[in-house]
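For reference, the structure is listed below as structure tokens.
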Amino acid sequence: MSPSTARALPVFYLVSLGEFVSLLGSSLTSFGLGVWAYQHSHSATQFALISLCAVLPGLLLGPLAGTLVDRWDRRLVMLAADLGAGLTTLAIALLLLTGRLEVWHIYITAAVSAACGAFQLPAAAASVTLLVPKDKLSQASGLMQLGQAVAQIVAPALAGALLLWVGLPGILLIDCATFLAAVGVLAAVRFPPLQRSAEAKAHSGSLIRETLYGWRYILARPGLVAMLALVAATNFCLAVVSALFTPLMLTLTTPDRLGQVMTVGGLGMLAGSVTLSVWGGPKRRIHGVLGFLALAGFSILLGGASPSVPVIAGAAFGFFFAQPLIHGALQAIWQAKTAPDVQGRVFAARNMFATLMSPLAFGLAGPLADRVFEPLLAPGGALAGSVGQLIGVGAGRGIGLIFIGMGLLAVAATVVGYLYPRLARVEDELPDAVPSAA
């Protein structure tokens, strides 16, 4: 480990802690606003539109934001993005306190927060290689996702209790305070200077030229393209499940039980994060990606097949256990194969492509549930006497059938990934761009 990396590691830990505190507050708000929006609209379509508004800005702004991240101080970008997201939460709190909050306000603030995230996410991801040696990248990813897991465990149950104790306004104000904690840490620390590589200098120029370079970098490497195709396909499935999970659960149980199931999912993420932090993942990281994606697909299928809350909780545990191991392996491959000073634009292009199908998923999920699958599995519906005999009929069973389909698609995508040689050999065919620690 070089002296500069050794000095930077404490900064990584401090920033991770600040971002964890902020994430915990954001998770409280996400849960509270999700319950509020569905209870006020009683529409899976309107609920899914929140997710759609939260993903579109990243698609539109991501590549440009990634290029600017490579040009600007990444710490300052993260600081400004956290401030912007905090202000949107404050705006929602003011609307709620004055009795003016409507569901469409949540659409707007979700879009603004996502625009801030379009800058924050590539800046944070690209900063890791400045602060952490290459042989510790998987463990660093595990530590970051450990924070996500703890938030997933604590936030739903805590948010359910806080809704009773201080209401949604109190949750929103707590979230604003957590943003201040993250901003305070970023204002206090400094990142090591970014060394410019010959490759970055050769492709410098106008903003458009540098933005397009992120795409050219990926397209010139078929193994990375194959990884993106796999992630885009599975992200479509996961986006449909994400958009419909809360409506599914609220047809079966109460908001506090929803929080408990999400806490069980958080325990799964915690277990997966600890596993990744200690183990570091398999030596061939792409095998970890494919194997744990298959586990996630089977978990989705299981969660859709039964209306039992305990069964869904068990499926949630398996699904979230797989997530840190999938994302840790993926992130380590990308970080090792991409030069640090071009990671902002490359990661932004990657994120845009990977989430390209998400708007379609969020746009389709609600109408498919409300107008097609729920009526098909309602009592007396067209599938009540066939599929309904296997998975049940009534409220939520149509969404359950959608989950089964998405789980099968995710498993099929991993099988194709195992059979495609450019994906299976991506770690061998591409040289490392990040040098090993001394």
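Starting from 1 in every chain, residues are counted up; chains themselves are A, B, ... following the order of the structure tokens, and ligands are numbered from 1 as listed.
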
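Contact shell of stretch 244-252 of chain A at 9 Å (only C-alpha atoms; same-chain neighbours under 6 positions omitted): Gly34, Val35, Tyr38, His42, Ser43, Ala44, Phe47, Ala48, Leu258, Val261, Pro307, Ser308, Val309, Phe362, Ala365, Gly366, Ala369, Ala395, Gly396, Arg397, Ile399, Gly400 and Phe403 of chain A.
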
Excluding stretch 125-128 of chain A and any residue of its chain fewer than 6 positions from it, enumerate the residues within 10 Å of it, using only C-alpha atoms, and give them as a PyMOL selection string.
chain A and resi 8-9+12+66+69-70+73-75+78+134+137+140-141+191-192+194+331+335+338-348

So which residues touch A:Ala239 within 12 Å, counting only C-alpha atoms, skipping near sequence neighbours fewer than 6 positions away, as a list of chain:residue names?
A:Ala48, A:Leu49, A:Ser51, A:Leu52, A:Ala54, A:Val55, A:Val231, A:Ala232, A:Ala233, A:Phe245, A:Ile300, A:Ala354, A:Thr355, A:Leu356, A:Met357, A:Ser358, A:Pro359, A:Leu360, A:Ala361, A:Phe362, A:Gly363, A:Leu364, A:Ala365, A:Gly366, A:Ile402, A:Phe403, A:Met406, A:Gly407, A:Ala410

For the residues in that selection, give me N, CA and C atoms as a PDB file, in the first residue's frame.
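What ended up in out_38.pdb:
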ATOM      1  N   ALA A  48     -45.815   3.786  -9.090  1.00  0.00           N
ATOM      2  CA  ALA A  48     -44.694   3.462  -9.968  1.00  0.00           C
ATOM      3  C   ALA A  48     -44.151   4.699 -10.663  1.00  0.00           C
ATOM      4  N   LEU A  49     -44.988   5.711 -10.879  1.00  0.00           N
ATOM      5  CA  LEU A  49     -44.524   6.938 -11.522  1.00  0.00           C
ATOM      6  C   LEU A  49     -43.467   7.659 -10.685  1.00  0.00           C
ATOM      7  N   SER A  51     -41.080   6.160  -9.062  1.00  0.00           N
ATOM      8  CA  SER A  51     -39.840   5.485  -9.456  1.00  0.00           C
ATOM      9  C   SER A  51     -39.396   5.935 -10.837  1.00  0.00           C
ATOM     10  N   LEU A  52     -40.351   6.139 -11.747  1.00  0.00           N
ATOM     11  CA  LEU A  52     -40.017   6.604 -13.086  1.00  0.00           C
ATOM     12  C   LEU A  52     -39.366   7.982 -13.025  1.00  0.00           C
ATOM     13  N   ALA A  54     -37.757   9.180 -10.626  1.00  0.00           N
ATOM     14  CA  ALA A  54     -36.480   9.077  -9.923  1.00  0.00           C
ATOM     15  C   ALA A  54     -35.377   8.496 -10.792  1.00  0.00           C
ATOM     16  N   VAL A  55     -35.714   7.920 -11.950  1.00  0.00           N
ATOM     17  CA  VAL A  55     -34.685   7.313 -12.785  1.00  0.00           C
ATOM     18  C   VAL A  55     -34.401   8.107 -14.057  1.00  0.00           C
ATOM     19  N   VAL A 231     -26.613  -6.665 -17.059  1.00  0.00           N
ATOM     20  CA  VAL A 231     -27.141  -5.824 -15.992  1.00  0.00           C
ATOM     21  C   VAL A 231     -28.408  -5.095 -16.449  1.00  0.00           C
ATOM     22  N   ALA A 232     -28.437  -4.636 -17.703  1.00  0.00           N
ATOM     23  CA  ALA A 232     -29.622  -3.944 -18.202  1.00  0.00           C
ATOM     24  C   ALA A 232     -30.833  -4.876 -18.212  1.00  0.00           C
ATOM     25  N   ALA A 233     -30.618  -6.125 -18.632  1.00  0.00           N
ATOM     26  CA  ALA A 233     -31.726  -7.083 -18.673  1.00  0.00           C
ATOM     27  C   ALA A 233     -32.249  -7.387 -17.278  1.00  0.00           C
ATOM     28  N   PHE A 245     -43.443  -3.756  -5.278  1.00  0.00           N
ATOM     29  CA  PHE A 245     -43.319  -4.455  -3.996  1.00  0.00           C
ATOM     30  C   PHE A 245     -44.205  -3.833  -2.926  1.00  0.00           C
ATOM     31  N   ILE A 300     -37.002 -13.750  -6.219  1.00  0.00           N
ATOM     32  CA  ILE A 300     -38.148 -13.010  -6.756  1.00  0.00           C
ATOM     33  C   ILE A 300     -39.283 -13.970  -7.091  1.00  0.00           C
ATOM     34  N   ALA A 354     -27.046   0.811 -18.149  1.00  0.00           N
ATOM     35  CA  ALA A 354     -27.565  -0.224 -17.257  1.00  0.00           C
ATOM     36  C   ALA A 354     -29.000   0.051 -16.838  1.00  0.00           C
ATOM     37  N   THR A 355     -29.356   1.327 -16.741  1.00  0.00           N
ATOM     38  CA  THR A 355     -30.712   1.680 -16.308  1.00  0.00           C
ATOM     39  C   THR A 355     -31.617   2.076 -17.469  1.00  0.00           C
ATOM     40  N   LEU A 356     -31.156   1.816 -18.690  1.00  0.00           N
ATOM     41  CA  LEU A 356     -31.916   2.250 -19.862  1.00  0.00           C
ATOM     42  C   LEU A 356     -33.312   1.648 -19.911  1.00  0.00           C
ATOM     43  N   MET A 357     -33.446   0.411 -19.415  1.00  0.00           N
ATOM     44  CA  MET A 357     -34.738  -0.265 -19.453  1.00  0.00           C
ATOM     45  C   MET A 357     -35.609   0.067 -18.243  1.00  0.00           C
ATOM     46  N   SER A 358     -35.024   0.730 -17.242  1.00  0.00           N
ATOM     47  CA  SER A 358     -35.793   0.991 -16.021  1.00  0.00           C
ATOM     48  C   SER A 358     -37.004   1.891 -16.248  1.00  0.00           C
ATOM     49  N   PRO A 359     -36.885   2.992 -17.031  1.00  0.00           N
ATOM     50  CA  PRO A 359     -38.095   3.791 -17.268  1.00  0.00           C
ATOM     51  C   PRO A 359     -39.214   2.994 -17.912  1.00  0.00           C
ATOM     52  N   LEU A 360     -38.854   2.110 -18.853  1.00  0.00           N
ATOM     53  CA  LEU A 360     -39.871   1.260 -19.473  1.00  0.00           C
ATOM     54  C   LEU A 360     -40.511   0.369 -18.420  1.00  0.00           C
ATOM     55  N   ALA A 361     -39.676  -0.197 -17.533  1.00  0.00           N
ATOM     56  CA  ALA A 361     -40.202  -1.073 -16.488  1.00  0.00           C
ATOM     57  C   ALA A 361     -41.138  -0.319 -15.554  1.00  0.00           C
ATOM     58  N   PHE A 362     -40.721   0.872 -15.115  1.00  0.00           N
ATOM     59  CA  PHE A 362     -41.548   1.648 -14.200  1.00  0.00           C
ATOM     60  C   PHE A 362     -42.833   2.125 -14.889  1.00  0.00           C
ATOM     61  N   GLY A 363     -42.729   2.447 -16.183  1.00  0.00           N
ATOM     62  CA  GLY A 363     -43.921   2.879 -16.906  1.00  0.00           C
ATOM     63  C   GLY A 363     -44.920   1.759 -17.139  1.00  0.00           C
ATOM     64  N   LEU A 364     -44.417   0.542 -17.326  1.00  0.00           N
ATOM     65  CA  LEU A 364     -45.292  -0.602 -17.597  1.00  0.00           C
ATOM     66  C   LEU A 364     -45.832  -1.261 -16.338  1.00  0.00           C
ATOM     67  N   ALA A 365     -45.061  -1.218 -15.262  1.00  0.00           N
ATOM     68  CA  ALA A 365     -45.394  -2.023 -14.080  1.00  0.00           C
ATOM     69  C   ALA A 365     -46.775  -1.705 -13.531  1.00  0.00           C
ATOM     70  N   GLY A 366     -47.053  -0.425 -13.301  1.00  0.00           N
ATOM     71  CA  GLY A 366     -48.334  -0.060 -12.709  1.00  0.00           C
ATOM     72  C   GLY A 366     -49.529  -0.420 -13.577  1.00  0.00           C
ATOM     73  N   ILE A 402     -46.667 -11.418 -11.883  1.00  0.00           N
ATOM     74  CA  ILE A 402     -45.636 -10.591 -12.518  1.00  0.00           C
ATOM     75  C   ILE A 402     -44.271 -10.901 -11.906  1.00  0.00           C
ATOM     76  N   PHE A 403     -44.221 -11.041 -10.581  1.00  0.00           N
ATOM     77  CA  PHE A 403     -42.965 -11.358  -9.908  1.00  0.00           C
ATOM     78  C   PHE A 403     -42.405 -12.696 -10.400  1.00  0.00           C
ATOM     79  N   MET A 406     -40.812 -12.134 -13.745  1.00  0.00           N
ATOM     80  CA  MET A 406     -39.553 -11.397 -13.651  1.00  0.00           C
ATOM     81  C   MET A 406     -38.439 -12.272 -13.077  1.00  0.00           C
ATOM     82  N   GLY A 407     -38.772 -13.117 -12.116  1.00  0.00           N
ATOM     83  CA  GLY A 407     -37.769 -14.017 -11.561  1.00  0.00           C
ATOM     84  C   GLY A 407     -37.248 -14.990 -12.603  1.00  0.00           C
ATOM     85  N   ALA A 410     -34.885 -13.189 -14.982  1.00  0.00           N
ATOM     86  CA  ALA A 410     -33.577 -12.932 -14.377  1.00  0.00           C
ATOM     87  C   ALA A 410     -32.710 -14.184 -14.384  1.00  0.00           C
TER      88      ALA A 410
END

Can you check which residues of stretch 265-316 of chain A DSSP gives as helix (DSSP H, G or I) on the backbone and send them as an MDAnalysis selection string?
chainID A and resid 265:279 285:305 309:316

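Going from atom CA of A:Phe321 over to atom CA of A:Met269, you cover 4.5 Å.
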
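Compared by their closest atoms to A:Val21, and using only C-alpha atoms, the residues A:Leu87, A:Ile174, A:Leu168, A:Leu79 rank with A:Ile174 nearest.
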
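Using only C-alpha atoms, the smallest distance between any of A:Pro133, A:Gly58, A:Leu164, A:Ser16 and A:Ser113 comes from A:Gly58.
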
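Proximity of A:Leu267, A:Ala115, A:Leu276, A:Val185 to A:Lys136, computed with only C-alpha atoms, is greatest for A:Leu276.
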